[in-house]
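Shown next: target.txt, given as compact mmCIF, C-alpha atoms.
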# COMPACT_ATOMS: atom_id res chain seq x y z
CA MET A 1 -94.89 -61.09 -6.77
CA LYS A 2 -91.16 -61.53 -6.05
CA ARG A 3 -88.72 -60.15 -8.53
CA ALA A 4 -86.71 -62.69 -10.48
CA GLY A 5 -83.26 -63.45 -8.93
CA GLN A 6 -84.01 -61.71 -5.62
CA LYS A 7 -82.65 -63.55 -2.54
CA VAL A 8 -85.05 -64.15 0.31
CA VAL A 9 -83.50 -63.37 3.70
CA THR A 10 -84.55 -65.63 6.54
CA GLY A 11 -84.31 -64.99 10.25
CA THR A 12 -81.31 -67.31 10.63
CA GLU A 13 -79.11 -65.75 8.00
CA ALA A 14 -77.65 -62.29 7.93
CA PRO A 15 -77.99 -60.24 4.76
CA GLY A 16 -75.00 -60.64 2.42
CA THR A 17 -73.78 -63.87 4.02
CA SER A 18 -73.01 -66.52 1.41
CA GLN A 19 -72.65 -70.26 1.92
CA THR A 20 -68.99 -69.95 0.89
CA SER A 21 -68.15 -67.45 3.61
CA LYS A 22 -69.98 -69.55 6.19
CA LYS A 23 -67.88 -72.56 5.25
CA GLN A 24 -64.66 -70.53 5.52
CA LYS A 25 -65.54 -69.36 9.03
CA THR A 26 -66.58 -72.73 10.39
CA SER A 27 -63.53 -74.52 9.01
CA LEU A 28 -60.94 -71.92 10.07
CA TYR A 29 -59.45 -73.95 12.96
CA GLY A 30 -60.29 -77.36 11.58
CA SER A 31 -58.15 -76.69 8.50
CA GLU A 32 -55.04 -76.37 10.68
CA PHE A 33 -55.41 -80.01 11.63
CA GLY A 34 -56.21 -81.13 8.07
CA GLU A 35 -59.93 -81.43 8.85
CA SER A 36 -62.97 -79.85 7.25
CA GLU A 37 -65.06 -80.02 10.41
CA PRO A 38 -65.27 -77.15 12.91
CA CYS A 39 -62.93 -77.14 15.90
CA THR A 40 -65.85 -77.61 18.26
CA SER A 41 -66.29 -81.18 17.07
CA MET A 42 -62.62 -82.14 17.63
CA ASP A 43 -61.95 -85.14 19.88
CA TRP A 44 -59.03 -84.01 22.08
CA GLY A 45 -58.50 -87.59 23.11
CA SER A 46 -57.51 -88.48 19.56
CA LEU A 47 -54.41 -86.24 19.54
CA PRO A 48 -51.15 -88.15 18.95
CA HIS A 49 -49.22 -89.22 22.05
CA HIS A 50 -46.25 -87.00 21.20
CA VAL A 51 -48.47 -83.90 21.00
CA ILE A 52 -50.10 -84.59 24.38
CA LEU A 53 -46.68 -85.35 25.85
CA ARG A 54 -45.38 -82.00 24.63
CA VAL A 55 -48.34 -80.23 26.25
CA PHE A 56 -47.75 -82.06 29.55
CA GLN A 57 -44.09 -80.99 29.60
CA PHE A 58 -45.18 -77.35 29.90
CA LEU A 59 -47.58 -77.99 32.80
CA THR A 60 -46.88 -77.86 36.50
CA LEU A 61 -47.20 -81.13 38.37
CA VAL A 62 -50.64 -80.17 39.74
CA ASP A 63 -51.99 -79.14 36.34
CA ARG A 64 -50.49 -82.25 34.78
CA ALA A 65 -52.32 -84.43 37.29
CA ARG A 66 -55.58 -82.60 36.58
CA ALA A 67 -55.10 -82.95 32.83
CA SER A 68 -54.61 -86.70 33.25
CA SER A 69 -58.28 -86.99 34.21
CA VAL A 70 -59.52 -85.61 30.86
CA CYS A 71 -59.71 -89.06 29.29
CA ARG A 72 -58.07 -92.46 29.26
CA ARG A 73 -55.58 -91.47 26.54
CA TRP A 74 -54.37 -88.45 28.49
CA ASN A 75 -54.02 -90.61 31.58
CA GLU A 76 -51.85 -93.01 29.60
CA VAL A 77 -49.58 -90.16 28.55
CA PHE A 78 -49.43 -89.00 32.20
CA HIS A 79 -47.55 -92.24 32.97
CA ILE A 80 -45.11 -92.17 30.05
CA PRO A 81 -41.58 -92.67 31.50
CA ASP A 82 -40.21 -89.50 29.85
CA LEU A 83 -42.38 -87.37 32.15
CA TRP A 84 -40.91 -88.92 35.27
CA ARG A 85 -37.20 -88.77 34.61
CA ARG A 86 -36.93 -85.43 36.44
CA PHE A 87 -38.83 -84.91 39.70
CA GLU A 88 -38.61 -82.74 42.81
CA PHE A 89 -40.24 -83.98 46.00
CA GLU A 90 -41.41 -81.10 48.19
CA LEU A 91 -41.91 -82.04 51.83
CA SER A 92 -43.01 -79.62 54.51
CA GLN A 93 -45.17 -79.21 57.58
CA PRO A 94 -48.11 -76.77 57.26
CA ALA A 95 -47.39 -75.17 60.62
CA THR A 96 -43.75 -74.39 59.90
CA SER A 97 -43.39 -73.76 56.16
CA TYR A 98 -44.80 -71.90 53.19
CA LEU A 99 -43.83 -74.74 50.83
CA LYS A 100 -46.59 -76.79 49.27
CA SER A 101 -45.95 -80.48 49.83
CA THR A 102 -46.15 -83.13 47.15
CA HIS A 103 -49.37 -85.04 47.81
CA PRO A 104 -48.78 -88.36 49.65
CA ASP A 105 -50.93 -90.28 47.14
CA LEU A 106 -48.79 -89.00 44.28
CA ILE A 107 -45.61 -89.98 46.14
CA GLN A 108 -46.90 -93.54 46.54
CA GLN A 109 -47.90 -93.64 42.88
CA ILE A 110 -44.39 -92.54 41.86
CA ILE A 111 -42.76 -95.17 44.08
CA LYS A 112 -44.99 -97.94 42.70
CA ARG A 113 -45.05 -97.01 39.02
CA HIS A 114 -42.10 -94.70 38.29
CA ALA A 115 -39.22 -95.47 40.68
CA ASP A 116 -37.28 -97.12 37.86
CA HIS A 117 -37.88 -94.09 35.59
CA LEU A 118 -36.47 -91.46 37.98
CA GLN A 119 -33.08 -90.11 36.92
CA TYR A 120 -32.83 -86.48 38.10
CA VAL A 121 -34.23 -86.30 41.61
CA SER A 122 -34.19 -83.66 44.33
CA PHE A 123 -35.84 -83.33 47.71
CA LYS A 124 -36.76 -79.87 48.98
CA VAL A 125 -37.60 -79.90 52.68
CA ASP A 126 -38.33 -77.29 55.31
CA SER A 127 -36.56 -77.04 58.68
CA SER A 128 -38.63 -79.72 60.43
CA THR A 129 -37.23 -83.12 61.33
CA GLU A 130 -40.48 -84.74 60.17
CA SER A 131 -39.96 -83.53 56.59
CA ALA A 132 -36.35 -84.73 56.50
CA GLU A 133 -37.37 -88.13 57.86
CA ALA A 134 -40.11 -88.36 55.23
CA ALA A 135 -37.47 -87.71 52.54
CA CYS A 136 -35.34 -90.52 53.96
CA ASP A 137 -38.35 -92.85 53.95
CA ILE A 138 -38.90 -92.17 50.24
CA LEU A 139 -35.22 -92.73 49.46
CA SER A 140 -35.39 -96.06 51.28
CA GLN A 141 -38.11 -97.24 48.88
CA LEU A 142 -36.26 -96.45 45.64
CA VAL A 143 -34.90 -99.97 45.32
CA ASN A 144 -35.38 -100.11 41.54
CA CYS A 145 -33.98 -96.67 40.81
CA SER A 146 -31.37 -95.66 38.28
CA ILE A 147 -30.77 -92.11 39.53
CA LYS A 148 -28.11 -89.99 37.86
CA THR A 149 -28.35 -86.79 39.93
CA LEU A 150 -29.49 -86.47 43.54
CA GLY A 151 -29.99 -83.28 45.54
CA LEU A 152 -31.07 -82.86 49.15
CA ILE A 153 -32.08 -79.24 49.69
CA SER A 154 -32.91 -77.78 53.10
CA THR A 155 -34.67 -74.44 52.87
CA ALA A 156 -33.69 -73.79 56.50
CA LYS A 157 -31.69 -75.54 59.19
CA PRO A 158 -31.65 -77.99 60.98
CA SER A 159 -33.72 -80.35 58.79
CA PHE A 160 -31.54 -83.33 57.77
CA MET A 161 -29.06 -82.67 60.59
CA ASN A 162 -31.71 -83.74 63.11
CA VAL A 163 -32.26 -87.11 61.42
CA SER A 164 -30.38 -89.95 63.06
CA LYS A 165 -27.15 -90.81 61.28
CA ALA A 166 -28.21 -94.46 61.00
CA HIS A 167 -31.55 -93.59 59.34
CA PHE A 168 -29.92 -91.18 56.92
CA ALA A 169 -27.09 -93.55 56.00
CA SER A 170 -29.50 -96.43 55.47
CA ALA A 171 -31.64 -94.35 53.08
CA LEU A 172 -28.65 -93.14 51.07
CA THR A 173 -27.24 -96.66 50.87
CA VAL A 174 -30.35 -97.81 48.97
CA VAL A 175 -29.74 -95.19 46.29
CA PHE A 176 -25.96 -95.59 46.21
CA VAL A 177 -26.16 -99.38 45.80
CA ASN A 178 -29.02 -99.54 43.31
CA SER A 179 -28.30 -96.58 41.03
CA LYS A 180 -24.85 -97.57 39.72
CA SER A 181 -24.70 -94.42 37.58
CA LEU A 182 -24.73 -91.43 39.94
CA SER A 183 -22.93 -88.49 38.36
CA SER A 184 -24.00 -85.54 40.56
CA ILE A 185 -24.70 -85.47 44.31
CA LYS A 186 -25.55 -82.35 46.34
CA ILE A 187 -25.97 -83.17 50.01
CA ASP A 188 -24.94 -80.12 52.05
CA ASP A 189 -25.86 -79.90 55.74
CA THR A 190 -26.50 -83.61 56.21
CA PRO A 191 -25.25 -86.38 58.56
CA LEU A 192 -23.35 -88.03 55.70
CA ASP A 193 -20.46 -90.15 57.05
CA ASP A 194 -17.36 -91.98 55.84
CA PRO A 195 -19.01 -95.44 55.52
CA SER A 196 -21.70 -93.89 53.27
CA LEU A 197 -19.00 -92.39 51.05
CA LYS A 198 -17.32 -95.80 50.76
CA VAL A 199 -20.61 -97.31 49.58
CA LEU A 200 -20.96 -94.47 47.07
CA VAL A 201 -17.46 -95.01 45.73
CA ALA A 202 -17.83 -98.80 45.57
CA ASN A 203 -20.90 -98.52 43.33
CA ASN A 204 -20.45 -95.28 41.36
CA SER A 205 -16.72 -94.57 41.09
CA ASP A 206 -16.78 -94.65 37.28
CA THR A 207 -19.65 -92.15 36.91
CA LEU A 208 -19.33 -89.60 39.75
CA LYS A 209 -18.45 -86.14 38.41
CA LEU A 210 -19.82 -83.70 41.01
CA LEU A 211 -19.88 -84.03 44.80
CA LYS A 212 -21.16 -81.12 46.87
CA MET A 213 -21.05 -81.87 50.59
CA SER A 214 -20.29 -78.74 52.61
CA SER A 215 -21.24 -78.78 56.30
CA CYS A 216 -21.19 -82.54 56.72
CA PRO A 217 -19.53 -82.84 60.16
CA HIS A 218 -19.40 -86.66 60.18
CA VAL A 219 -17.16 -86.82 57.11
CA SER A 220 -13.44 -86.93 57.86
CA PRO A 221 -10.48 -86.07 55.62
CA ALA A 222 -9.97 -89.82 55.16
CA GLY A 223 -13.51 -90.16 53.80
CA ILE A 224 -13.12 -87.51 51.13
CA LEU A 225 -9.63 -88.82 50.31
CA CYS A 226 -11.26 -92.17 49.54
CA VAL A 227 -13.47 -90.38 46.99
CA ALA A 228 -10.52 -88.55 45.43
CA ASP A 229 -8.46 -91.74 45.21
CA GLN A 230 -11.10 -93.79 43.40
CA CYS A 231 -13.46 -91.42 41.53
CA HIS A 232 -11.12 -90.58 38.68
CA GLY A 233 -13.76 -88.68 36.69
CA LEU A 234 -14.51 -86.18 39.48
CA LYS A 235 -14.71 -82.68 37.98
CA GLU A 236 -16.44 -80.59 40.68
CA LEU A 237 -16.01 -80.79 44.43
CA ALA A 238 -17.44 -78.64 47.24
CA LEU A 239 -16.43 -79.19 50.85
CA ASN A 240 -15.52 -77.54 54.13
CA TYR A 241 -11.97 -76.38 54.72
CA TYR A 242 -11.46 -78.75 57.65
CA ILE A 243 -11.62 -81.67 55.17
CA LEU A 244 -9.12 -80.06 52.79
CA SER A 245 -5.62 -81.47 53.07
CA ASP A 246 -2.33 -81.71 51.22
CA GLU A 247 -3.03 -85.41 50.63
CA LEU A 248 -6.40 -84.62 49.05
CA LEU A 249 -4.95 -82.05 46.63
CA LEU A 250 -2.18 -84.45 45.64
CA ALA A 251 -4.72 -87.23 45.05
CA LEU A 252 -6.72 -84.91 42.78
CA SER A 253 -3.48 -84.10 40.95
CA SER A 254 -2.50 -87.66 40.08
CA GLU A 255 -2.25 -88.76 36.45
CA LYS A 256 -5.33 -91.01 36.66
CA HIS A 257 -7.60 -88.07 37.44
CA VAL A 258 -9.37 -85.94 34.86
CA ASP A 259 -8.79 -82.20 35.12
CA LEU A 260 -10.72 -80.76 38.04
CA GLU A 261 -12.94 -77.88 36.89
CA HIS A 262 -14.30 -76.45 40.16
CA LEU A 263 -13.14 -76.73 43.77
CA ARG A 264 -15.34 -74.86 46.25
CA ILE A 265 -14.15 -74.48 49.83
CA ASP A 266 -16.27 -73.09 52.68
CA VAL A 267 -14.19 -71.68 55.53
CA VAL A 268 -16.60 -71.30 58.42
CA SER A 269 -16.20 -70.58 62.13
CA GLU A 270 -19.14 -70.72 64.51
CA ASN A 271 -17.20 -70.08 67.74
CA PRO A 272 -14.79 -67.11 67.55
CA GLY A 273 -11.32 -67.90 68.79
CA GLN A 274 -12.01 -71.60 69.33
CA VAL A 275 -10.98 -72.88 65.90
CA GLN A 276 -7.39 -73.01 64.69
CA PHE A 277 -7.16 -73.54 60.94
CA HIS A 278 -4.41 -75.60 59.36
CA THR A 279 -2.27 -74.39 56.46
CA ILE A 280 -2.13 -76.02 53.03
CA LYS A 281 1.37 -76.18 51.55
CA LYS A 282 2.21 -74.21 48.43
CA GLN A 283 3.57 -77.38 46.79
CA SER A 284 0.15 -79.04 47.08
CA TRP A 285 -1.63 -76.09 45.46
CA ASP A 286 1.02 -75.99 42.73
CA ALA A 287 0.50 -79.70 41.99
CA LEU A 288 -3.26 -79.20 41.56
CA VAL A 289 -2.86 -76.24 39.19
CA LYS A 290 -0.17 -78.02 37.18
CA HIS A 291 -2.52 -80.98 36.70
CA SER A 292 -5.68 -78.86 36.19
CA PRO A 293 -4.47 -75.47 34.91
CA LYS A 294 -7.99 -74.10 34.31
CA VAL A 295 -9.44 -75.12 37.67
CA ASN A 296 -11.62 -72.55 39.46
CA ILE A 297 -10.83 -72.49 43.18
CA VAL A 298 -13.63 -70.73 45.03
CA MET A 299 -13.35 -69.87 48.72
CA TYR A 300 -16.16 -68.54 50.93
CA PHE A 301 -14.94 -67.07 54.23
CA PHE A 302 -17.15 -66.65 57.29
CA LEU A 303 -14.43 -65.99 59.89
CA TYR A 304 -13.68 -63.45 62.56
CA GLU A 305 -10.71 -61.14 62.05
CA ASP A 306 -8.39 -63.00 64.43
CA GLU A 307 -8.92 -66.32 62.62
CA PHE A 308 -7.33 -65.49 59.25
CA ASP A 309 -3.74 -66.15 60.30
CA ALA A 310 -3.37 -69.44 58.39
CA PHE A 311 -4.46 -68.08 55.01
CA PHE A 312 -2.61 -66.49 52.07
CA ARG A 313 0.80 -66.27 53.70
CA GLU A 314 2.16 -68.02 50.60
CA GLU A 315 1.04 -67.93 46.99
CA THR A 316 -2.42 -69.50 46.70
CA PRO A 317 -4.11 -70.18 43.32
CA VAL A 318 -7.59 -69.11 44.45
CA THR A 319 -9.73 -67.60 41.66
CA HIS A 320 -12.89 -66.45 43.48
CA LEU A 321 -12.95 -64.98 47.00
CA TYR A 322 -16.02 -64.04 49.06
CA PHE A 323 -15.77 -62.58 52.56
CA GLY A 324 -19.07 -62.73 54.44
CA ARG A 325 -17.70 -61.01 57.54
CA ALA A 326 -15.27 -58.19 58.17
CA VAL A 327 -11.75 -58.74 56.87
CA SER A 328 -8.70 -56.68 57.86
CA LYS A 329 -6.52 -54.42 55.71
CA ALA A 330 -3.59 -56.74 56.39
CA MET A 331 -5.53 -59.72 55.00
CA LEU A 332 -6.47 -57.82 51.84
CA GLY A 333 -2.83 -56.85 51.48
CA ARG A 334 -1.86 -60.53 51.58
CA ILE A 335 -4.42 -61.27 48.87
CA GLY A 336 -2.84 -58.65 46.65
CA MET A 337 0.58 -60.21 47.20
CA ASN A 338 -0.25 -63.92 46.99
CA CYS A 339 -3.34 -64.49 44.79
CA PRO A 340 -2.17 -63.89 41.19
CA ARG A 341 -4.98 -66.04 39.68
CA LEU A 342 -7.75 -64.03 41.36
CA ILE A 343 -10.76 -63.40 39.08
CA GLU A 344 -13.44 -62.20 41.51
CA LEU A 345 -13.30 -60.53 44.92
CA VAL A 346 -16.27 -59.63 47.14
CA VAL A 347 -15.70 -57.93 50.50
CA CYS A 348 -18.86 -57.39 52.53
CA ALA A 349 -17.15 -55.37 55.28
CA ASN A 350 -13.78 -54.03 56.34
CA GLY A 351 -13.86 -51.10 58.71
CA LEU A 352 -13.12 -47.41 58.68
CA GLN A 353 -9.61 -47.43 57.20
CA PRO A 354 -9.33 -46.55 53.47
CA LEU A 355 -8.29 -49.49 51.28
CA ASP A 356 -6.58 -47.46 48.54
CA ASP A 357 -3.18 -49.15 48.76
CA GLU A 358 -4.64 -52.64 49.01
CA LEU A 359 -6.86 -52.19 45.94
CA ILE A 360 -4.02 -50.72 43.88
CA GLN A 361 -1.80 -53.66 44.82
CA ILE A 362 -4.56 -56.09 43.83
CA ALA A 363 -4.91 -54.29 40.48
CA GLU A 364 -1.14 -54.50 39.91
CA ARG A 365 -0.67 -58.18 40.70
CA CYS A 366 -4.04 -59.82 39.93
CA LYS A 367 -4.01 -59.51 36.15
CA ASN A 368 -7.07 -61.76 35.73
CA LEU A 369 -9.38 -59.75 38.01
CA THR A 370 -12.69 -59.11 36.24
CA ALA A 371 -15.21 -58.69 39.11
CA MET A 372 -15.12 -56.66 42.31
CA GLY A 373 -17.71 -55.97 45.01
CA LEU A 374 -17.26 -53.79 48.10
CA GLY A 375 -19.80 -53.35 50.90
CA GLU A 376 -19.12 -51.69 54.24
CA CYS A 377 -15.61 -50.43 53.42
CA GLU A 378 -13.94 -47.11 52.67
CA VAL A 379 -11.99 -46.02 49.57
CA THR A 380 -11.09 -42.49 48.52
CA CYS A 381 -12.38 -41.39 45.13
CA ARG A 382 -8.82 -40.80 43.98
CA GLY A 383 -7.73 -44.30 45.04
CA PHE A 384 -10.76 -45.93 43.49
CA ILE A 385 -10.23 -44.20 40.13
CA GLU A 386 -6.58 -45.28 40.16
CA PHE A 387 -7.70 -48.89 40.78
CA VAL A 388 -10.19 -48.75 37.90
CA LYS A 389 -7.64 -47.11 35.60
CA MET A 390 -5.17 -49.94 36.23
CA CYS A 391 -7.78 -52.68 35.65
CA GLY A 392 -9.42 -50.98 32.68
CA GLY A 393 -12.10 -52.62 30.58
CA ARG A 394 -11.42 -56.10 31.94
CA LEU A 395 -13.59 -55.20 34.96
CA THR A 396 -16.84 -56.59 33.61
CA GLN A 397 -18.53 -56.46 37.04
CA LEU A 398 -17.99 -53.60 39.47
CA SER A 399 -20.42 -53.34 42.36
CA ILE A 400 -19.48 -50.61 44.84
CA MET A 401 -21.79 -49.11 47.44
CA GLU A 402 -22.03 -45.31 47.20
CA GLU A 403 -21.26 -45.04 50.94
CA VAL A 404 -17.89 -46.72 50.34
CA LEU A 405 -16.51 -43.83 48.28
CA ILE A 406 -14.97 -40.87 50.13
CA PRO A 407 -14.87 -37.57 48.20
CA ASP A 408 -11.47 -35.83 48.17
CA SER A 409 -9.94 -32.63 46.83
CA ASP A 410 -9.58 -34.08 43.33
CA TYR A 411 -12.89 -35.89 42.78
CA SER A 412 -16.46 -35.46 43.91
CA LEU A 413 -19.03 -38.23 43.61
CA ASP A 414 -20.59 -36.41 40.65
CA ARG A 415 -17.33 -36.41 38.73
CA LEU A 416 -16.37 -39.89 39.89
CA HIS A 417 -18.88 -41.83 37.78
CA LEU A 418 -17.75 -39.99 34.63
CA GLU A 419 -14.09 -40.88 35.23
CA VAL A 420 -14.85 -44.49 36.09
CA SER A 421 -17.13 -44.83 33.05
CA LYS A 422 -14.37 -43.51 30.82
CA HIS A 423 -11.86 -46.12 32.01
CA LEU A 424 -14.34 -48.98 31.93
CA GLY A 425 -15.54 -48.09 28.45
CA ARG A 426 -19.19 -48.16 29.55
CA MET A 427 -21.57 -46.14 31.70
CA TRP A 428 -21.12 -46.85 35.42
CA PHE A 429 -22.72 -45.62 38.65
CA PRO A 430 -22.15 -46.69 42.26
CA ASP A 431 -24.80 -48.97 43.79
CA MET A 432 -27.46 -47.80 46.19
CA MET A 433 -27.69 -51.25 47.76
CA PRO A 434 -25.61 -54.47 47.61
CA THR A 435 -26.21 -56.66 44.55
CA TRP A 436 -24.41 -59.79 45.75
Whole structure given in structure tokens:
Amino acid sequence: MKRAGQKVVTGTEAPGTSQTSKKQKTSLYGSEFGESEPCTSMDWGSLPHHVILRVFQFLTLVDRARASSVCRRWNEVFHIPDLWRRFEFELSQPATSYLKSTHPDLIQQIIKRHADHLQYVSFKVDSSTESAEAACDILSQLVNCSIKTLGLISTAKPSFMNVSKAHFASALTVVFVNSKSLSSIKIDDTPLDDPSLKVLVANNSDTLKLLKMSSCPHVSPAGILCVADQCHGLKELALNYYILSDELLLALSSEKHVDLEHLRIDVVSENPGQVQFHTIKKQSWDALVKHSPKVNIVMYFFLYEDEFDAFFREETPVTHLYFGRAVSKAMLGRIGMNCPRLIELVVCANGLQPLDDELIQIAERCKNLTAMGLGECEVTCRGFIEFVKMCGGRLTQLSIMEEVLIPDSDYSLDRLHLEVSKHLGRMWFPDMMPTW
């Protein structure tokens, strides 16, 4: 006979487990969604559109495409315009690139269903002509687009430079004519030409703010002057030095222009001794700075030592200087004398002559200098400490290779980092390898 009140334990229920505790366990996840049923019975297809959309925004393109096959509702969200405003086409050839190409079927789906949704578009291509031509073919089909930013990115040369100028110009014309609201264009190392720029200006002069077009050999000074004359909202410009002119700087300095924020200039020579660089007048630089007093003027130099003659013989308002090849002591001396707005200086190589005097002069005259990097150069420890002492805590970035510093009778390398740290107001050590 069973005792009164004694609970009978069956094979499907553990001792001490009450119905209340079972209900709490099974409804743990369901309660978060306002449901009393277990999570295992949830219909994922019934989630609100905005929740699914939020999930999709965290997925890669491949995972997003896979998720779209879960159910009809998820597939509907996959085609919501908000998901297609920003897109990067990746185009490569398996034999020549490690990049994973965007699937051709997806490209066609985008062109058919989402061309008018695209706003922030870039094309990343490998070095092959086939990939660049494929990018141009896609551009040619974006007849209903309303693109705001466009970037053509070559992971290696020659890529777009091997596409015929006519094919490239025709593809760009489709975007330039149909978009009407382009604000940012990055098309370095392409066969862009003057007629293409005129089409750009004719259709997007009121919206263009950034134009980055270094290494575009078919663009002339007249072509970029057309942009400067008519795109009054232009804030950022990147170009090769051969396009830079006094007329261009004066056009950017006219009253109808907004203040220019960034001017990047690439000074490149491929054939040593065969290029003679022109000089920009001091009055033209002065006009630009008067009109845009906070403008950053960034110059990248890839010249040989005998090609620097045209630069920095007069005061130049450059703010950031990068030397990718060896630069002479005399050139660095000119920088100290004529670049009072200098903020950052990186010298990859100089030679075997100590740069003490040049650095001290730069510290004296360049009162805005906050970043310095030295590679294959030489500076005595005494000279380097004097430079740091004069700059003080305003040097927020100081990247100096250990091999650059020459011990002297006053300072060893061990004592050097303590002295430099004291003047900087923070712990500092020389670099073991370049960080730029």
Test item: residues at most 12 Å from Phe123 in chain A, only C-alpha atoms, excluding those fewer than 3 positions along its chain, as a ChimeraX atom specification: /A:86-92,101-102,107,120,126,131-139,149-155,159-160,185-187
Can those selected residues be exported to a file as a PDB file, keeping the file's coordinate frame so that it contains C-alpha atoms?
ATOM      1  CA  ARG A  86     -36.930 -85.430  36.440  1.00  0.00           C
ATOM      2  CA  PHE A  87     -38.830 -84.910  39.700  1.00  0.00           C
ATOM      3  CA  GLU A  88     -38.610 -82.740  42.810  1.00  0.00           C
ATOM      4  CA  PHE A  89     -40.240 -83.980  46.000  1.00  0.00           C
ATOM      5  CA  GLU A  90     -41.410 -81.100  48.190  1.00  0.00           C
ATOM      6  CA  LEU A  91     -41.910 -82.040  51.830  1.00  0.00           C
ATOM      7  CA  SER A  92     -43.010 -79.620  54.510  1.00  0.00           C
ATOM      8  CA  SER A 101     -45.950 -80.480  49.830  1.00  0.00           C
ATOM      9  CA  THR A 102     -46.150 -83.130  47.150  1.00  0.00           C
ATOM     10  CA  ILE A 107     -45.610 -89.980  46.140  1.00  0.00           C
ATOM     11  CA  TYR A 120     -32.830 -86.480  38.100  1.00  0.00           C
ATOM     12  CA  ASP A 126     -38.330 -77.290  55.310  1.00  0.00           C
ATOM     13  CA  SER A 131     -39.960 -83.530  56.590  1.00  0.00           C
ATOM     14  CA  ALA A 132     -36.350 -84.730  56.500  1.00  0.00           C
ATOM     15  CA  GLU A 133     -37.370 -88.130  57.860  1.00  0.00           C
ATOM     16  CA  ALA A 134     -40.110 -88.360  55.230  1.00  0.00           C
ATOM     17  CA  ALA A 135     -37.470 -87.710  52.540  1.00  0.00           C
ATOM     18  CA  CYS A 136     -35.340 -90.520  53.960  1.00  0.00           C
ATOM     19  CA  ASP A 137     -38.350 -92.850  53.950  1.00  0.00           C
ATOM     20  CA  ILE A 138     -38.900 -92.170  50.240  1.00  0.00           C
ATOM     21  CA  LEU A 139     -35.220 -92.730  49.460  1.00  0.00           C
ATOM     22  CA  THR A 149     -28.350 -86.790  39.930  1.00  0.00           C
ATOM     23  CA  LEU A 150     -29.490 -86.470  43.540  1.00  0.00           C
ATOM     24  CA  GLY A 151     -29.990 -83.280  45.540  1.00  0.00           C
ATOM     25  CA  LEU A 152     -31.070 -82.860  49.150  1.00  0.00           C
ATOM     26  CA  ILE A 153     -32.080 -79.240  49.690  1.00  0.00           C
ATOM     27  CA  SER A 154     -32.910 -77.780  53.100  1.00  0.00           C
ATOM     28  CA  THR A 155     -34.670 -74.440  52.870  1.00  0.00           C
ATOM     29  CA  SER A 159     -33.720 -80.350  58.790  1.00  0.00           C
ATOM     30  CA  PHE A 160     -31.540 -83.330  57.770  1.00  0.00           C
ATOM     31  CA  ILE A 185     -24.700 -85.470  44.310  1.00  0.00           C
ATOM     32  CA  LYS A 186     -25.550 -82.350  46.340  1.00  0.00           C
ATOM     33  CA  ILE A 187     -25.970 -83.170  50.010  1.00  0.00           C
TER      34      ILE A 187
END
12 Å contact set for Tyr300 in chain A, all atoms listed in the file, chain neighbours under 4 positions out, as a CSV table (one decimal) with C-alpha atoms, in the coordinates of the input:
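Saved to part_27.csv:
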chain,number,residue,atom,x,y,z
A,214,SER,CA,-20.3,-78.7,52.6
A,238,ALA,CA,-17.4,-78.6,47.2
A,239,LEU,CA,-16.4,-79.2,50.8
A,240,ASN,CA,-15.5,-77.5,54.1
A,241,TYR,CA,-12.0,-76.4,54.7
A,263,LEU,CA,-13.1,-76.7,43.8
A,264,ARG,CA,-15.3,-74.9,46.2
A,265,ILE,CA,-14.2,-74.5,49.8
A,266,ASP,CA,-16.3,-73.1,52.7
A,267,VAL,CA,-14.2,-71.7,55.5
A,268,VAL,CA,-16.6,-71.3,58.4
A,269,SER,CA,-16.2,-70.6,62.1
A,318,VAL,CA,-7.6,-69.1,44.4
A,319,THR,CA,-9.7,-67.6,41.7
A,320,HIS,CA,-12.9,-66.4,43.5
A,321,LEU,CA,-13.0,-65.0,47.0
A,322,TYR,CA,-16.0,-64.0,49.1
A,323,PHE,CA,-15.8,-62.6,52.6
A,324,GLY,CA,-19.1,-62.7,54.4
A,325,ARG,CA,-17.7,-61.0,57.5
A,344,GLU,CA,-13.4,-62.2,41.5
A,345,LEU,CA,-13.3,-60.5,44.9
A,346,VAL,CA,-16.3,-59.6,47.1
A,347,VAL,CA,-15.7,-57.9,50.5
A,348,CYS,CA,-18.9,-57.4,52.5
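CA of Asp356 in chain A is positioned 8.4 Å from CA of Arg382 in chain A.
CA of Asn203 in chain A is positioned 8.0 Å from CA of Ser179 in chain A.
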Near Lys148 in chain A, counting all atoms listed in the file, which residues have an atom at most 10 Å away, once you skip same-chain residues fewer than 4 positions from it, shown as JSON, numbers by chain? {"A": [85, 118, 119, 120, 121, 179, 180, 181, 182, 183, 184, 185, 204, 207, 208]}
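Among the candidate residues A:His114, A:Leu59, A:Arg341, A:Ala65, the one lying nearest to Pro81 in chain A is A:His114, with distances computed using all atoms listed in the file.
Atom pair CA of Ala326 in chain A / CA of Met299 in chain A has a distance of 15.1 Å (rounded to one decimal).
Residues in contact with range 246-254 of chain A at 7 Å, where only C-alpha atoms are counted and same-chain residues fewer than 5 positions away are skipped, are listed as Leu225, Ala228, Asp229, Ile280, Lys281, Ser284, Trp285, Ala287, Leu288 and His291 of chain A.
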How would the residues just picked look written out with C-alpha atoms as an mmCIF file, in the coordinates of the input?
data_model
loop_
_atom_site.group_PDB
_atom_site.id
_atom_site.type_symbol
_atom_site.label_atom_id
_atom_site.label_comp_id
_atom_site.auth_asym_id
_atom_site.auth_seq_id
_atom_site.Cartn_x
_atom_site.Cartn_y
_atom_site.Cartn_z
ATOM 1 C CA LEU A 225 -9.630 -88.820 50.310
ATOM 2 C CA ALA A 228 -10.520 -88.550 45.430
ATOM 3 C CA ASP A 229 -8.460 -91.740 45.210
ATOM 4 C CA ILE A 280 -2.130 -76.020 53.030
ATOM 5 C CA LYS A 281 1.370 -76.180 51.550
ATOM 6 C CA SER A 284 0.150 -79.040 47.080
ATOM 7 C CA TRP A 285 -1.630 -76.090 45.460
ATOM 8 C CA ALA A 287 0.500 -79.700 41.990
ATOM 9 C CA LEU A 288 -3.260 -79.200 41.560
ATOM 10 C CA HIS A 291 -2.520 -80.980 36.700
#
